[in-house]
Structures are given as structure tokens and as C-alpha cells.
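Participant: Just one file: upload09.csv, with CSV, C-alpha atoms.
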```csv
chain,number,residue,atom,x,y,z
A,143,MET,CA,56.8,83.8,133.0
A,144,ARG,CA,60.4,84.7,132.1
A,145,ALA,CA,62.1,82.8,134.9
A,146,ASP,CA,64.6,80.1,134.1
A,147,GLU,CA,62.8,76.8,133.4
A,148,VAL,CA,63.1,73.1,133.7
A,149,PRO,CA,60.5,70.3,133.5
A,150,THR,CA,58.3,70.5,136.6
A,151,ILE,CA,59.3,67.0,137.7
A,152,ASP,CA,63.0,68.1,137.8
A,153,LEU,CA,62.0,71.2,139.9
A,154,LEU,CA,60.2,69.0,142.4
A,155,LYS,CA,63.2,66.7,142.7
A,156,ARG,CA,65.6,69.6,143.0
A,157,ILE,CA,63.5,71.1,145.9
A,158,GLY,CA,63.7,67.8,147.7
A,159,PHE,CA,60.2,66.4,147.6
A,160,SER,CA,60.1,62.6,148.2
A,161,ASP,CA,59.2,60.1,145.5
A,162,SER,CA,56.1,59.3,147.6
A,163,ILE,CA,54.6,62.8,147.6
A,164,VAL,CA,55.5,63.4,144.0
A,165,GLU,CA,53.8,60.1,142.9
A,166,ARG,CA,50.8,60.4,145.3
A,167,PHE,CA,50.1,64.1,145.1
A,168,PHE,CA,52.0,66.2,142.6
A,169,GLN,CA,51.7,63.8,139.6
A,170,PRO,CA,47.9,63.3,139.9
A,171,PHE,CA,47.1,66.9,141.0
A,172,PHE,CA,49.3,68.9,138.6
A,173,GLY,CA,49.2,66.1,136.0
A,174,GLY,CA,45.4,66.7,136.0
A,175,ILE,CA,46.0,70.5,135.5
A,176,PHE,CA,48.6,70.1,132.8
A,177,PHE,CA,47.1,66.8,131.3
A,178,ASP,CA,50.7,65.6,131.7
A,179,LYS,CA,51.2,62.7,134.1
A,180,GLU,CA,55.0,62.8,133.6
A,181,LEU,CA,55.1,66.5,134.7
A,182,GLY,CA,57.4,67.4,131.8
A,183,THR,CA,55.5,70.8,131.6
A,184,THR,CA,57.7,73.9,132.2
A,185,SER,CA,58.3,74.9,135.8
A,186,ARG,CA,57.3,78.4,134.7
A,187,LEU,CA,53.7,77.2,134.4
A,188,PHE,CA,54.0,75.3,137.7
A,189,ASP,CA,55.2,78.3,139.5
A,190,PHE,CA,52.4,80.5,138.1
A,191,ILE,CA,49.6,78.0,138.9
A,192,PHE,CA,51.0,77.2,142.4
A,193,LYS,CA,51.0,80.9,143.2
A,194,CYS,CA,47.4,81.3,141.9
A,195,LEU,CA,46.3,78.3,144.0
A,196,ALA,CA,48.1,79.7,147.1
A,197,LEU,CA,46.6,83.2,146.8
A,198,GLY,CA,43.1,82.5,145.4
A,199,ASN,CA,40.2,80.1,145.5
A,200,ASN,CA,39.1,77.3,143.1
A,201,THR,CA,35.6,78.1,141.8
A,202,LEU,CA,33.1,77.2,139.2
A,203,PRO,CA,30.8,79.7,137.5
A,204,ALA,CA,27.2,79.1,138.8
A,205,LYS,CA,25.9,79.2,135.3
A,206,GLY,CA,28.6,77.0,133.8
A,207,ILE,CA,31.9,77.8,132.0
A,208,GLY,CA,29.8,79.3,129.2
A,209,ALA,CA,29.0,82.2,131.5
A,210,ILE,CA,32.5,83.6,130.7
A,211,PRO,CA,32.0,84.1,127.0
A,212,ASN,CA,28.4,85.1,127.6
A,213,GLN,CA,29.6,87.9,129.9
A,214,LEU,CA,32.0,89.1,127.2
A,215,ALA,CA,29.4,88.9,124.5
A,216,SER,CA,26.9,90.8,126.5
A,217,LYS,CA,28.9,94.0,126.1
A,218,LEU,CA,28.9,93.8,122.3
A,219,PRO,CA,26.3,95.1,119.8
A,220,ALA,CA,23.7,92.5,119.1
A,221,ASP,CA,24.6,92.2,115.4
A,222,SER,CA,28.3,92.0,115.9
A,223,ILE,CA,28.6,88.2,116.4
A,224,LEU,CA,28.0,85.8,113.5
A,225,LEU,CA,27.0,82.3,114.7
A,226,ASN,CA,27.2,79.0,112.7
A,227,THR,CA,29.6,80.8,110.3
A,228,ARG,CA,32.8,78.9,109.5
A,229,VAL,CA,36.0,80.8,108.6
A,230,VAL,CA,38.2,79.0,106.1
A,231,SER,CA,41.1,81.4,105.7
A,232,VAL,CA,42.5,84.8,106.6
A,233,GLY,CA,44.3,86.8,103.9
A,234,LEU,CA,46.0,90.2,103.2
A,235,ASP,CA,44.6,92.7,100.7
A,236,GLU,CA,47.8,93.7,99.0
A,237,ASP,CA,46.1,96.3,96.8
A,238,GLN,CA,46.0,98.8,99.7
A,239,ASN,CA,48.9,101.1,100.6
A,240,THR,CA,48.9,99.3,103.9
A,241,PRO,CA,47.9,95.7,103.4
A,242,MET,CA,44.9,94.9,105.6
A,243,PRO,CA,43.7,91.4,106.5
A,244,PHE,CA,40.4,90.0,105.5
A,245,VAL,CA,38.4,86.9,106.5
A,246,ARG,CA,37.0,84.4,104.0
A,247,LEU,CA,34.0,82.4,105.0
A,248,GLU,CA,33.0,78.9,104.0
A,249,ASN,CA,30.1,80.2,101.9
A,250,GLY,CA,32.6,82.4,99.9
A,251,ASP,CA,31.8,85.7,101.5
A,252,ILE,CA,34.7,88.0,102.4
A,253,LEU,CA,34.7,90.2,105.5
A,254,GLN,CA,37.2,93.1,105.0
A,255,SER,CA,38.6,94.4,108.2
A,256,GLU,CA,38.6,98.1,109.1
A,257,LEU,CA,41.2,98.0,111.9
A,258,GLY,CA,42.6,94.5,111.8
A,259,VAL,CA,41.9,90.9,112.5
A,260,ILE,CA,42.5,88.9,115.7
A,261,VAL,CA,42.7,85.2,115.2
A,262,ALA,CA,41.4,83.4,118.3
A,263,VAL,CA,41.5,79.7,117.5
A,264,GLU,CA,43.2,76.6,118.9
A,265,GLU,CA,46.8,76.4,117.9
A,266,PRO,CA,46.4,73.5,115.4
A,267,HIS,CA,44.1,75.6,113.3
A,268,VAL,CA,46.3,78.7,113.1
A,269,ASN,CA,48.5,77.6,110.3
A,270,GLU,CA,45.6,76.4,108.1
A,271,LEU,CA,43.8,79.7,108.5
A,272,LEU,CA,46.9,81.7,107.6
A,273,ALA,CA,48.2,79.4,104.9
A,274,GLU,CA,47.7,81.9,102.0
A,275,ILE,CA,49.8,84.6,103.7
A,276,ASN,CA,53.3,83.9,102.5
A,277,SER,CA,54.9,86.5,104.7
A,278,ILE,CA,53.9,84.6,107.9
A,279,GLY,CA,55.9,81.5,108.7
A,280,PRO,CA,54.5,78.5,110.6
A,281,VAL,CA,53.4,79.4,114.1
A,282,GLN,CA,52.2,76.0,115.3
A,283,SER,CA,54.3,74.1,117.8
A,284,LYS,CA,55.6,70.7,116.7
A,285,LYS,CA,55.1,69.3,120.2
A,286,PRO,CA,52.1,66.9,120.6
A,287,ALA,CA,49.1,68.5,122.2
A,288,ARG,CA,47.7,67.5,125.6
A,289,SER,CA,44.4,65.4,125.4
A,290,THR,CA,41.8,64.4,127.9
A,291,VAL,CA,38.6,62.5,128.4
A,292,CYS,CA,35.9,63.8,130.7
A,293,LEU,CA,33.0,61.6,131.8
A,294,TYR,CA,29.9,62.8,133.5
A,295,PHE,CA,27.5,60.8,135.6
A,296,SER,CA,24.2,61.6,137.4
A,297,ALA,CA,23.7,60.3,140.9
A,298,ASP,CA,21.2,60.8,143.7
A,299,ARG,CA,22.5,63.2,146.3
A,300,ASP,CA,22.2,60.3,148.8
A,301,ASP,CA,24.4,58.1,146.7
A,302,ILE,CA,27.7,60.1,146.8
A,303,PRO,CA,30.3,59.6,149.5
A,304,VAL,CA,30.8,63.3,150.5
A,305,ARG,CA,29.0,66.6,150.5
A,306,ASP,CA,32.2,68.6,150.8
A,307,PRO,CA,33.8,70.4,147.7
A,308,VAL,CA,36.8,68.1,147.5
A,309,LEU,CA,38.9,66.8,144.6
A,310,PHE,CA,39.7,63.0,144.7
A,311,LEU,CA,43.2,62.1,143.3
A,312,ASN,CA,44.4,58.8,142.1
A,313,GLY,CA,47.7,58.5,143.8
A,314,SER,CA,48.1,54.8,143.3
A,315,GLY,CA,49.8,54.9,139.9
A,316,GLU,CA,47.3,52.3,138.7
A,317,GLY,CA,44.0,52.6,136.8
A,318,ILE,CA,42.8,55.1,134.2
A,319,VAL,CA,41.1,57.7,136.4
A,320,ASN,CA,43.3,60.6,137.2
A,321,ASN,CA,41.0,62.7,139.4
A,322,MET,CA,37.3,63.2,140.0
A,323,PHE,CA,34.9,65.3,142.0
A,324,PHE,CA,31.2,66.0,142.6
A,325,ALA,CA,30.5,69.2,140.8
A,326,THR,CA,27.3,69.9,142.6
A,327,ASN,CA,29.2,70.0,145.9
A,328,VAL,CA,30.9,73.1,144.5
A,329,ALA,CA,28.0,74.6,142.5
A,330,PRO,CA,24.6,73.2,143.4
A,331,SER,CA,23.2,74.8,140.2
A,332,TYR,CA,25.0,72.1,138.2
A,333,GLY,CA,22.2,69.6,138.9
A,334,PRO,CA,18.5,69.5,139.6
A,335,PRO,CA,17.3,69.2,143.2
A,336,GLY,CA,18.2,65.9,144.7
A,337,LYS,CA,20.8,65.0,142.1
A,338,ALA,CA,24.5,65.2,142.0
A,339,LEU,CA,26.8,65.7,139.0
A,340,VAL,CA,29.9,63.4,139.0
A,341,SER,CA,32.9,64.6,136.9
A,342,VAL,CA,35.7,62.2,136.1
A,343,THR,CA,38.9,63.1,134.3
A,344,LEU,CA,41.3,60.8,132.3
A,345,ILE,CA,44.6,61.9,130.8
A,346,GLY,CA,44.9,61.0,127.1
A,347,LEU,CA,42.3,60.1,124.5
A,348,PHE,CA,41.9,56.4,124.8
A,349,ASP,CA,41.3,56.1,121.1
A,350,ASP,CA,41.3,52.3,121.2
A,351,THR,CA,38.5,52.1,123.8
A,352,SER,CA,34.8,52.8,123.0
A,353,ASP,CA,32.8,55.2,125.1
A,354,HIS,CA,30.7,52.3,126.4
A,355,ASP,CA,33.8,50.3,127.5
A,356,LEU,CA,35.4,53.4,128.9
A,357,VAL,CA,32.3,54.0,131.1
A,358,ASP,CA,32.4,50.4,132.3
A,359,GLU,CA,36.1,50.6,133.2
A,360,VAL,CA,35.6,53.9,135.1
A,361,ILE,CA,32.6,52.5,137.0
A,362,SER,CA,34.6,49.4,137.9
A,363,GLU,CA,37.6,51.5,139.0
A,364,LEU,CA,35.5,53.9,141.1
A,365,SER,CA,33.7,51.0,142.7
A,366,GLY,CA,37.0,50.2,144.3
A,367,TRP,CA,37.1,53.7,145.7
A,368,PHE,CA,33.6,54.1,147.0
A,369,GLY,CA,31.9,50.7,146.8
A,370,GLY,CA,30.1,48.9,144.0
A,371,SER,CA,26.6,49.5,145.4
A,372,MET,CA,27.0,53.2,145.4
A,373,VAL,CA,28.9,53.7,142.1
A,374,GLY,CA,26.7,51.1,140.3
A,375,SER,CA,23.7,53.4,140.8
A,376,TRP,CA,25.4,56.3,138.9
A,377,LYS,CA,24.0,56.9,135.4
A,378,PRO,CA,26.4,57.9,132.6
A,379,LEU,CA,25.4,61.2,131.0
A,380,ARG,CA,28.1,62.2,128.5
A,381,THR,CA,31.7,61.3,127.5
A,382,TYR,CA,33.8,64.1,126.0
A,383,ARG,CA,37.1,63.3,124.3
A,384,VAL,CA,39.1,66.5,123.9
A,385,ARG,CA,41.9,66.0,121.5
A,386,TYR,CA,43.4,69.4,121.9
A,387,ALA,CA,42.7,70.2,125.5
A,388,GLN,CA,45.9,72.3,126.0
A,389,PRO,CA,49.0,73.2,124.1
A,390,ASN,CA,52.1,71.2,125.1
A,391,GLN,CA,54.2,73.6,127.2
A,392,CYS,CA,57.3,71.5,127.9
A,393,PRO,CA,60.6,73.4,127.8
A,394,PRO,CA,61.8,75.3,125.9
A,395,THR,CA,58.8,77.7,126.1
A,396,ASN,CA,58.0,81.3,125.4
A,397,LEU,CA,55.0,82.3,127.5
A,398,MET,CA,55.2,86.0,126.5
A,399,LYS,CA,54.7,85.8,122.8
A,400,ASN,CA,54.0,89.0,120.8
A,401,PRO,CA,50.4,88.9,119.6
A,402,GLN,CA,51.1,90.8,116.4
A,403,ILE,CA,52.2,88.5,113.5
A,404,GLY,CA,51.6,90.8,110.5
A,405,SER,CA,50.2,94.1,109.4
A,406,GLY,CA,46.9,94.4,111.2
A,407,LEU,CA,47.0,90.8,112.1
A,408,TYR,CA,47.1,89.4,115.6
A,409,LEU,CA,46.9,86.1,117.5
A,410,CYS,CA,45.5,85.2,120.9
A,411,GLY,CA,45.0,82.1,122.8
A,412,ASP,CA,46.5,80.0,125.6
A,413,HIS,CA,49.2,78.8,123.2
A,414,LEU,CA,50.7,82.3,123.3
A,415,THR,CA,51.0,82.3,127.1
A,416,SER,CA,50.0,80.1,130.0
A,417,ALA,CA,47.7,77.2,129.2
A,418,THR,CA,45.0,78.4,131.6
A,419,PHE,CA,41.7,80.2,131.5
A,420,ASP,CA,43.6,83.2,132.9
A,421,GLY,CA,46.2,82.9,130.1
A,422,ALA,CA,43.5,82.7,127.4
A,423,LEU,CA,41.6,85.7,128.7
A,424,ALA,CA,44.8,87.8,129.2
A,425,SER,CA,46.0,86.9,125.7
A,426,GLY,CA,42.8,88.1,124.2
A,427,ARG,CA,43.1,91.4,126.1
A,428,LYS,CA,46.7,91.9,125.1
A,429,ALA,CA,45.9,91.2,121.4
A,430,ALA,CA,43.1,93.8,121.5
A,431,GLU,CA,45.3,96.3,123.2
A,432,ALA,CA,48.1,95.8,120.6
A,433,LEU,CA,45.6,96.4,117.8
A,434,LEU,CA,44.3,99.6,119.5
A,435,ARG,CA,47.8,100.9,120.1
A,436,ASP,CA,48.8,100.2,116.5
A,437,ARG,CA,45.7,102.2,115.3
A,438,ALA,CA,46.5,105.0,117.8
A,439,PHE,CA,43.2,104.5,119.7
A,440,ILE,CA,45.2,104.2,123.0
A,441,LYS,CA,48.6,105.4,124.1
A,442,VAL,CA,51.6,103.1,124.1
```
Starting from the file, lay out its structure as C-alpha cells.
Facilitator:
Amino acid sequence: MRADEVPTIDLLKRIGFSDSIVERFFQPFFGGIFFDKELGTTSRLFDFIFKCLALGNNTLPAKGIGAIPNQLASKLPADSILLNTRVVSVGLDEDQNTPMPFVRLENGDILQSELGVIVAVEEPHVNELLAEINSIGPVQSKKPARSTVCLYFSADRDDIPVRDPVLFLNGSGEGIVNNMFFATNVAPSYGPPGKALVSVTLIGLFDDTSDHDLVDEVISELSGWFGGSMVGSWKPLRTYRVRYAQPNQCPPTNLMKNPQIGSGLYLCGDHLTSATFDGALASGRKAAEALLRDRAFIKV
């Protein structure tokens, strides 16, 4: 994460990959990972993800991605998580000898911390939550965030072209679909018996296109891939537009940020390290360890 960095596209050209493999493989594949078709993302992130892909396996949790936070929450006391409770700001209690952070809720309640506060939110919300703490400067990047649209369709198991867990890439340089796959080929639990879950990824938000028109355009495009009679039978389930899917990690970057930003106050999230699930989880652990070290619960 501390290696010299260049945009990923420059690294690939420096290595000597042909324009053909860059356009037909690297741009749709890593562009789908970074939500960055131009591959301007730092080569540090490319190196890290390439290593992970080379040494490990791509998987999906059988019970959905929500299984990850559920597993973490299962180890906590039942009354330690407040649901449907919006935080509007984080402040510092200056009346104490050592200022300690507190959390202000939307209903006006204030939660005073005993050990500290770890702010675990998307990067665009960090500054607004910390606005009343004058000693902390802006921490939000000025780079535009990475956005995506994900469309899901239901299909009969007999109306999909493959049963293998493969990822289809759009290497043509045309159309709006970047990549797609059949999620139930990876995790059968993602659909009822006899049904397949189709997942389609676009890069960008497509703000000027309605959900209905976007579905029609995707169906039309995929009909050219697999045939109109097959794709025409797929039923749209949901369209998700994710404005802040990832932080923008084009050079220059610092993927080893210190989680502590003030007295008893810490940050975590993929915007502090690699924009990956691994990065988000590792960032949370590092923030918790930093708090515990500062409070002398664990050794440095």
C-alpha cells in the first residue's frame, strides 16, 4: 500500500500489455471492480486486488452480504445497537480535563462516550458529522466519488445460458452494461428452487435515464449477447443506483491513513485504506485497536 503509484492504465501500458487485452479484459474487469472505466485508479489498489485474486477465491456469502455485519453484531450485547436512530453530529465535551467526544442524535438526545467514538460512515458524511469540532479540518476528498447502477432480474433456471459461476465482461467498448453474472450459479441460496438471479452492473449513475428505460436498454443489449427469446423472459426485480459506491482512489493516494483524528475520536472506512470489503473491515479493526491502545487496554 506504500509502493510507488501511477494510474493503473499507465502501469498496464508500462508492463507492455496490448491495447486489445487492455480494452477487452482489463478495462471491463478492473473497471467493474473500481467503477472506473478509464482505470485512473492507483496502481497500489490494482496490485493489492490482483494479488488477492491470484491467491484466493471469489465467493458470495450464502446468506447474502448482510451476513458479514450480522456476524459482527452477533458477538455484541443485545442492547448495544440502536436501530433507526440517526446521528446528526459528533462533538467534543470541552468541560472535561481531557475532552471526550459525544454523539448527538436527531431526536436531540446526546450519547456521552466513555472511551471514545469511532465514526464509521461513508466519506461524504464525515465532514457534516464533525462540522462543530473546530480543531478538525476537512477530511473529505475533493475527488468525485465512484458510482454504479446494479440491476437484478429473475429468470427460470432453464432460461439462462450457462450453469457455471462465470463473470461476463463487455469488452466491446460499446453499450452500457459493464459486466453481469448469474448469482445463483455461485450461491444457489440467492434464489428459490427453479429460479436464477441475474445481476447486471453499469458504471455511473445514468441520472438522465429512468429505471424503466434503463431496464429496457439493458434487456435490449443483453439480447444481443444471449438471444432475445431468452433475455426477453427475464423479469426485472430491482434497480439500485449507488451514488457513493466507492471513494475515488486516483493518485495521489494515502491508503495507510491514521484512524485517530482527535482526542478519543477515530475514523474507519474504505476511504482510509483500500476501497474493498477487506479494506473496510481492516479499517474498522485498526480504529478499534487504536482506541484500545490509547486507553491502555492493549499494549502498543
Participant: For CA of Glu431 (chain A) and CA of Val245 (chain A), quote the distance in Å rounded to one decimal.
Facilitator: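 Interatomic distance, CA of Glu431 (chain A) to CA of Val245 (chain A): 20.4 Å.
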Participant: Find the residue from A:Ala220, A:Val304, A:Ala430, A:Leu247 that sits nearest to Phe368 (chain A); use all atoms listed in the file when measuring.
Facilitator: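 That would be A:Val304, the residue with the smallest distance to Phe368 (chain A).
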Participant: Kindly indicate which residue among A:Asn226, A:Ser296, A:Thr395, A:Ser371 lies nearest to Phe324 (chain A), using all atoms listed in the file for the distances.
Facilitator: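 Closest to Phe324 (chain A) of all the choices is A:Ser296.
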Participant: Would you tabulate, counting only C-alpha atoms, all residues of region 371-422 of chain A that have an atom at most 7 Å from an atom of region 177-201 of chain A, showing the closest pair of atoms and their distance in Å to one decimal, sorted by chain then ascending number, as a Markdown table?
Facilitator:
```
| residue | atom | partner | partner_atom | distance |
| --- | --- | --- | --- | --- |
| A:Gln391 | CA | A:Thr183 | CA | 5.4 |
| A:Cys392 | CA | A:Thr183 | CA | 4.2 |
| A:Pro393 | CA | A:Thr184 | CA | 5.3 |
| A:Ser416 | CA | A:Leu187 | CA | 6.4 |
```
Participant: Please report the interatomic distance between CA of Val384 (chain A) and CA of Ser352 (chain A) in Å with one decimal.
Facilitator: 14.4 Å
Participant: For each of A:Gly250, A:Pro241, A:Pro266, A:Gly369, take the minimum atom-to-atom distance to Arg288 (chain A), counting all atoms listed in the file, then give the residue where this is smallest.
Facilitator: A:Pro266
Participant: CA of Glu236 (chain A) to CA of Arg427 (chain A): how many Å, to one decimal?
Facilitator: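 CA of Glu236 (chain A) sits 27.6 Å away from CA of Arg427 (chain A).
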